[in-house]
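Novice: Can you read through this structure? Questions will come right after.
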Amino acid sequence: MKFPAFQLARISGIPLMIDYSWPLVVGLHFWLVAVFFLPQRALYVELPEQVFFGLLMTALFFASIVLHELAHAFVAKMEGIRTLEIRLKIFGGLAQFAKESPTPMTDLRWRGRRCRFWSDSSSCFAWSW
């Protein structure tokens, strides 16, 4: 099923498109974190803190998806490949390019070292909380 999309922003000339299904997933993620995850992990968290940390964790989680797709787009730009758009879908995101990469290992050169480090570091910090 294909959902229509709207443009949320333009980052470095790349349109950031969001499917209409995506806000439902963001809301579901927030609800699950605030209602189920936080009360079990931190027993003495009041409702305002549940809402605040639920919003914070949801924002950081979905920002990591956008950063991941931006890493793909910047690698493509370094290789001379134009990125048509970044589209956030119900189960993640994708960066759409004008053509295929000439080398299969191009992606690992940049994203594998930089973006993955920050993504893993932030995940470890969140779970240790």
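Residues in the structure tokens are numbered from 1 in each chain, the chains being A, B, ... in the order shown, and ligands are numbered from 1 in the order shown.
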Find the residues near Phe52 (chain A): any atom within 12 Å, counting only C-alpha atoms, skip ones fewer than 2 places away on the same chain, and give them as a PyMOL selection string.

Specialist: chain A and resi 30-31+33-35+38+45-50+54-59

Novice: Selected residues, all heavy atoms, written as a short mmCIF file (atom, residue, chain, number, x, y, z; two decimals), in the first residue's frame, please.

Specialist:
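See out_34.cif below for the written result:
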```
data_model
loop_
_atom_site.label_atom_id
_atom_site.label_comp_id
_atom_site.auth_asym_id
_atom_site.auth_seq_id
_atom_site.Cartn_x
_atom_site.Cartn_y
_atom_site.Cartn_z
N PHE A 30 5.82 6.96 20.85
CA PHE A 30 5.74 7.81 22.04
C PHE A 30 4.87 7.16 23.11
O PHE A 30 5.23 7.09 24.28
CB PHE A 30 5.20 9.19 21.68
CG PHE A 30 4.73 9.96 22.87
CD1 PHE A 30 5.63 10.47 23.79
CD2 PHE A 30 3.37 10.17 23.09
CE1 PHE A 30 5.20 11.17 24.90
CE2 PHE A 30 2.94 10.87 24.19
CZ PHE A 30 3.85 11.37 25.10
N TRP A 31 3.71 6.67 22.71
CA TRP A 31 2.78 6.06 23.66
C TRP A 31 3.40 4.83 24.33
O TRP A 31 3.31 4.66 25.54
CB TRP A 31 1.49 5.70 22.94
CG TRP A 31 0.47 5.04 23.80
CD1 TRP A 31 -0.24 5.60 24.82
CD2 TRP A 31 0.05 3.68 23.72
NE1 TRP A 31 -1.08 4.68 25.38
CE2 TRP A 31 -0.92 3.48 24.73
CE3 TRP A 31 0.39 2.62 22.90
CZ2 TRP A 31 -1.54 2.27 24.92
CZ3 TRP A 31 -0.22 1.40 23.10
CH2 TRP A 31 -1.18 1.24 24.10
N VAL A 33 6.59 4.10 24.73
CA VAL A 33 7.70 4.49 25.61
C VAL A 33 7.16 5.12 26.90
O VAL A 33 7.56 4.76 28.00
CB VAL A 33 8.67 5.45 24.89
CG1 VAL A 33 9.62 6.10 25.87
CG2 VAL A 33 9.43 4.71 23.81
N ALA A 34 6.23 6.06 26.76
CA ALA A 34 5.74 6.81 27.93
C ALA A 34 4.87 5.95 28.85
O ALA A 34 4.92 6.10 30.06
CB ALA A 34 4.97 8.04 27.48
N VAL A 35 4.07 5.07 28.28
CA VAL A 35 3.10 4.32 29.09
C VAL A 35 3.65 2.99 29.59
O VAL A 35 3.38 2.58 30.72
CB VAL A 35 1.80 4.10 28.29
CG1 VAL A 35 0.84 3.20 29.02
CG2 VAL A 35 1.14 5.43 27.99
N LEU A 38 8.86 3.40 30.26
CA LEU A 38 9.37 4.23 31.36
C LEU A 38 8.86 3.81 32.74
O LEU A 38 9.64 3.74 33.68
CB LEU A 38 9.07 5.70 31.10
CG LEU A 38 9.93 6.35 30.03
CD1 LEU A 38 9.46 7.77 29.75
CD2 LEU A 38 11.39 6.34 30.44
N VAL A 45 8.73 7.61 38.35
CA VAL A 45 8.63 8.67 37.37
C VAL A 45 7.17 9.12 37.31
O VAL A 45 6.25 8.31 37.15
CB VAL A 45 9.08 8.18 35.98
CG1 VAL A 45 8.87 9.24 34.93
CG2 VAL A 45 10.54 7.79 36.03
N GLU A 46 6.96 10.41 37.50
CA GLU A 46 5.61 10.98 37.46
C GLU A 46 5.17 11.19 36.01
O GLU A 46 5.98 11.11 35.09
CB GLU A 46 5.59 12.31 38.22
CG GLU A 46 5.95 12.19 39.68
CD GLU A 46 4.92 11.39 40.48
OE1 GLU A 46 3.72 11.49 40.17
OE2 GLU A 46 5.33 10.69 41.41
N LEU A 47 3.91 11.51 35.81
CA LEU A 47 3.35 11.67 34.47
C LEU A 47 4.05 12.76 33.65
O LEU A 47 4.36 12.52 32.48
CB LEU A 47 1.85 11.93 34.55
CG LEU A 47 1.13 12.03 33.20
CD1 LEU A 47 1.26 10.73 32.42
CD2 LEU A 47 -0.31 12.41 33.39
N PRO A 48 4.34 13.95 34.19
CA PRO A 48 5.04 14.96 33.37
C PRO A 48 6.41 14.48 32.88
O PRO A 48 6.79 14.75 31.75
CB PRO A 48 5.18 16.16 34.30
CG PRO A 48 4.10 16.00 35.30
CD PRO A 48 3.93 14.52 35.49
N GLU A 49 7.13 13.75 33.74
CA GLU A 49 8.42 13.22 33.31
C GLU A 49 8.25 12.11 32.28
O GLU A 49 9.06 11.98 31.37
CB GLU A 49 9.23 12.69 34.50
CG GLU A 49 9.80 13.78 35.36
CD GLU A 49 9.17 13.81 36.73
OE1 GLU A 49 8.28 13.00 36.99
OE2 GLU A 49 9.56 14.66 37.53
N GLN A 50 7.20 11.31 32.42
CA GLN A 50 6.93 10.27 31.42
C GLN A 50 6.69 10.90 30.05
O GLN A 50 7.21 10.44 29.05
CB GLN A 50 5.72 9.44 31.81
CG GLN A 50 5.95 8.48 32.94
CD GLN A 50 4.68 7.75 33.32
OE1 GLN A 50 3.57 8.18 33.00
NE2 GLN A 50 4.83 6.64 34.00
N GLY A 54 9.35 10.50 27.18
CA GLY A 54 8.77 9.81 26.03
C GLY A 54 8.95 10.60 24.75
O GLY A 54 9.33 10.06 23.71
N LEU A 55 8.69 11.92 24.83
CA LEU A 55 8.92 12.78 23.66
C LEU A 55 10.39 12.84 23.29
O LEU A 55 10.75 12.78 22.11
CB LEU A 55 8.39 14.19 23.94
CG LEU A 55 6.87 14.35 23.96
CD1 LEU A 55 6.50 15.75 24.44
CD2 LEU A 55 6.30 14.09 22.58
N LEU A 56 11.25 12.94 24.30
CA LEU A 56 12.68 13.02 24.04
C LEU A 56 13.21 11.75 23.38
O LEU A 56 13.92 11.80 22.37
CB LEU A 56 13.44 13.30 25.34
CG LEU A 56 14.96 13.39 25.22
CD1 LEU A 56 15.35 14.62 24.40
CD2 LEU A 56 15.58 13.44 26.60
N MET A 57 12.85 10.60 23.92
CA MET A 57 13.32 9.33 23.37
C MET A 57 12.77 9.10 21.97
O MET A 57 13.48 8.60 21.10
CB MET A 57 12.96 8.18 24.31
CG MET A 57 13.74 8.19 25.60
SD MET A 57 13.22 6.94 26.76
CE MET A 57 13.99 5.50 26.04
N THR A 58 11.52 9.49 21.74
CA THR A 58 10.94 9.34 20.42
C THR A 58 11.63 10.25 19.42
O THR A 58 11.96 9.84 18.30
CB THR A 58 9.42 9.63 20.47
OG1 THR A 58 8.82 8.70 21.37
CG2 THR A 58 8.78 9.51 19.11
N ALA A 59 11.89 11.49 19.82
CA ALA A 59 12.58 12.43 18.92
C ALA A 59 13.98 11.94 18.59
O ALA A 59 14.41 11.99 17.43
CB ALA A 59 12.62 13.82 19.56
#
```

Novice: From the DSSP assignment of the backbone, select every residue of region 5-120 of chain A that is alpha helix (DSSP H), and format the answer as an NGL selection string.

Specialist: :A and (22-32 or 38-41 or 47-78 or 106-110 or 115-120)

Novice: At what distance in Å, to one decimal, does CA of Gly13 (chain A) lie from CA of Leu88 (chain A)?

Specialist: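 So the answer is 16.5 Å.
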
Novice: Distance CA of Phe6 (chain A)-CA of Ile90 (chain A), one decimal place?

Specialist: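 Distance reported for this atom pair: 13.7 Å.
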
Novice: Determine, counting only C-alpha atoms, which protein, DNA and RNA residues have an atom within 10 Å of an atom of Phe97 (chain A); residues of the same chain fewer than 2 positions away are not included. Present the result as a VMD selection string.

Specialist: chain A and resid 72 to 73 76 to 77 81 to 86 94 to 95 99 to 101

Novice: Output the selection as a short mmCIF file (atom, residue, chain, number, x, y, z; two decimals), in the first residue's frame - all heavy atoms for each residue.

Specialist:
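So result_7.cif came out as:
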```
data_model
loop_
_atom_site.label_atom_id
_atom_site.label_comp_id
_atom_site.auth_asym_id
_atom_site.auth_seq_id
_atom_site.Cartn_x
_atom_site.Cartn_y
_atom_site.Cartn_z
N HIS A 72 23.72 8.28 4.06
CA HIS A 72 23.68 7.70 2.71
C HIS A 72 23.75 8.80 1.65
O HIS A 72 24.47 8.68 0.66
CB HIS A 72 22.40 6.88 2.50
CG HIS A 72 22.36 5.59 3.23
ND1 HIS A 72 23.21 4.55 2.97
CD2 HIS A 72 21.53 5.16 4.21
CE1 HIS A 72 22.91 3.53 3.76
NE2 HIS A 72 21.90 3.88 4.52
N ALA A 73 23.00 9.85 1.85
CA ALA A 73 22.95 10.94 0.87
C ALA A 73 24.29 11.66 0.75
O ALA A 73 24.72 12.00 -0.35
CB ALA A 73 21.85 11.93 1.26
N ALA A 76 26.73 9.51 -1.17
CA ALA A 76 26.41 9.60 -2.59
C ALA A 76 26.91 10.90 -3.19
O ALA A 76 27.44 10.93 -4.30
CB ALA A 76 24.90 9.46 -2.80
N LYS A 77 26.77 11.98 -2.43
CA LYS A 77 27.26 13.28 -2.91
C LYS A 77 28.77 13.27 -3.08
O LYS A 77 29.30 13.83 -4.05
CB LYS A 77 26.83 14.37 -1.92
CG LYS A 77 27.11 15.77 -2.40
CD LYS A 77 26.55 16.78 -1.42
CE LYS A 77 26.69 18.18 -1.96
NZ LYS A 77 26.11 19.16 -1.04
N ILE A 81 26.98 11.31 -6.96
CA ILE A 81 25.64 10.81 -7.27
C ILE A 81 24.63 11.74 -6.60
O ILE A 81 24.72 12.03 -5.41
CB ILE A 81 25.46 9.37 -6.75
CG1 ILE A 81 26.48 8.45 -7.41
CG2 ILE A 81 24.05 8.88 -7.02
CD1 ILE A 81 26.52 7.07 -6.82
N ARG A 82 23.65 12.18 -7.38
CA ARG A 82 22.63 13.10 -6.87
C ARG A 82 21.56 12.33 -6.10
O ARG A 82 21.11 11.27 -6.52
CB ARG A 82 21.99 13.85 -8.04
CG ARG A 82 21.06 14.96 -7.62
CD ARG A 82 20.66 15.80 -8.81
NE ARG A 82 20.00 15.05 -9.84
CZ ARG A 82 18.67 14.90 -9.95
NH1 ARG A 82 17.88 15.50 -9.09
NH2 ARG A 82 18.15 14.20 -10.92
N THR A 83 21.17 12.87 -4.95
CA THR A 83 20.08 12.29 -4.15
C THR A 83 18.79 12.99 -4.53
O THR A 83 18.69 14.21 -4.42
CB THR A 83 20.35 12.47 -2.65
OG1 THR A 83 21.62 11.88 -2.34
CG2 THR A 83 19.28 11.80 -1.82
N LEU A 84 17.81 12.22 -4.96
CA LEU A 84 16.53 12.79 -5.37
C LEU A 84 15.69 13.21 -4.17
O LEU A 84 15.09 14.28 -4.17
CB LEU A 84 15.76 11.80 -6.24
CG LEU A 84 16.49 11.35 -7.52
CD1 LEU A 84 15.69 10.27 -8.22
CD2 LEU A 84 16.75 12.53 -8.42
N GLU A 85 15.61 12.32 -3.17
CA GLU A 85 14.84 12.63 -1.97
C GLU A 85 15.17 11.63 -0.87
O GLU A 85 15.71 10.56 -1.13
CB GLU A 85 13.33 12.60 -2.25
CG GLU A 85 12.78 11.22 -2.51
CD GLU A 85 11.28 11.20 -2.76
OE1 GLU A 85 10.68 12.28 -2.87
OE2 GLU A 85 10.73 10.10 -2.83
N ILE A 86 14.83 12.01 0.34
CA ILE A 86 14.84 11.10 1.48
C ILE A 86 13.39 10.94 1.90
O ILE A 86 12.70 11.93 2.15
CB ILE A 86 15.70 11.64 2.63
CG1 ILE A 86 17.16 11.68 2.22
CG2 ILE A 86 15.50 10.81 3.88
CD1 ILE A 86 18.06 12.31 3.24
N LEU A 94 14.29 5.75 3.43
CA LEU A 94 15.12 5.40 2.29
C LEU A 94 15.57 6.67 1.59
O LEU A 94 14.87 7.68 1.58
CB LEU A 94 14.39 4.48 1.31
CG LEU A 94 13.15 5.00 0.59
CD1 LEU A 94 13.53 5.54 -0.77
CD2 LEU A 94 12.16 3.88 0.43
N ALA A 95 16.78 6.61 1.06
CA ALA A 95 17.32 7.70 0.26
C ALA A 95 17.26 7.24 -1.19
O ALA A 95 17.78 6.18 -1.53
CB ALA A 95 18.74 8.02 0.69
N LYS A 99 21.22 7.49 -9.62
CA LYS A 99 21.80 6.29 -10.24
C LYS A 99 22.46 5.44 -9.15
O LYS A 99 22.60 5.88 -8.01
CB LYS A 99 22.82 6.67 -11.31
CG LYS A 99 24.02 7.42 -10.79
CD LYS A 99 25.00 7.72 -11.90
CE LYS A 99 26.25 8.37 -11.32
NZ LYS A 99 27.29 8.55 -12.30
N GLU A 100 22.87 4.24 -9.54
CA GLU A 100 23.52 3.32 -8.61
C GLU A 100 24.97 3.74 -8.36
O GLU A 100 25.60 4.39 -9.20
CB GLU A 100 23.51 1.89 -9.17
CG GLU A 100 22.16 1.23 -9.13
CD GLU A 100 21.74 0.86 -7.73
OE1 GLU A 100 22.59 0.48 -6.91
OE2 GLU A 100 20.53 0.95 -7.47
N SER A 101 25.51 3.32 -7.24
CA SER A 101 26.91 3.59 -6.93
C SER A 101 27.81 2.69 -7.78
O SER A 101 27.51 1.51 -7.97
CB SER A 101 27.15 3.30 -5.45
OG SER A 101 28.52 3.38 -5.16
#
```

Novice: How many Å lie between CA of Arg41 (chain A) and CA of Gly93 (chain A), rounded to one decimal?

Specialist: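 Computing it gives 28.7 Å between the two atoms.
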
Novice: Check the DSSP output for the backbone and give back, as a list in words, the residues of region 49-99 of chain A in strand (DSSP E or B).

Specialist: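 Going through region 49-99 of chain A, the strand (DSSP E or B) residues come out as Thr83, Leu84, Glu85, Ile86, Arg87, Leu88, Lys89, Gly92, Gly93, Leu94, Ala95, Gln96 and Phe97 of chain A.
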
Novice: Between A:Gln40, A:Gln7, A:Ser12, A:Ser21, which is the closest to Ala71 (chain A) once you count only C-alpha atoms?

Specialist: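 For Ala71 (chain A), the nearest of the candidates is A:Ser12.
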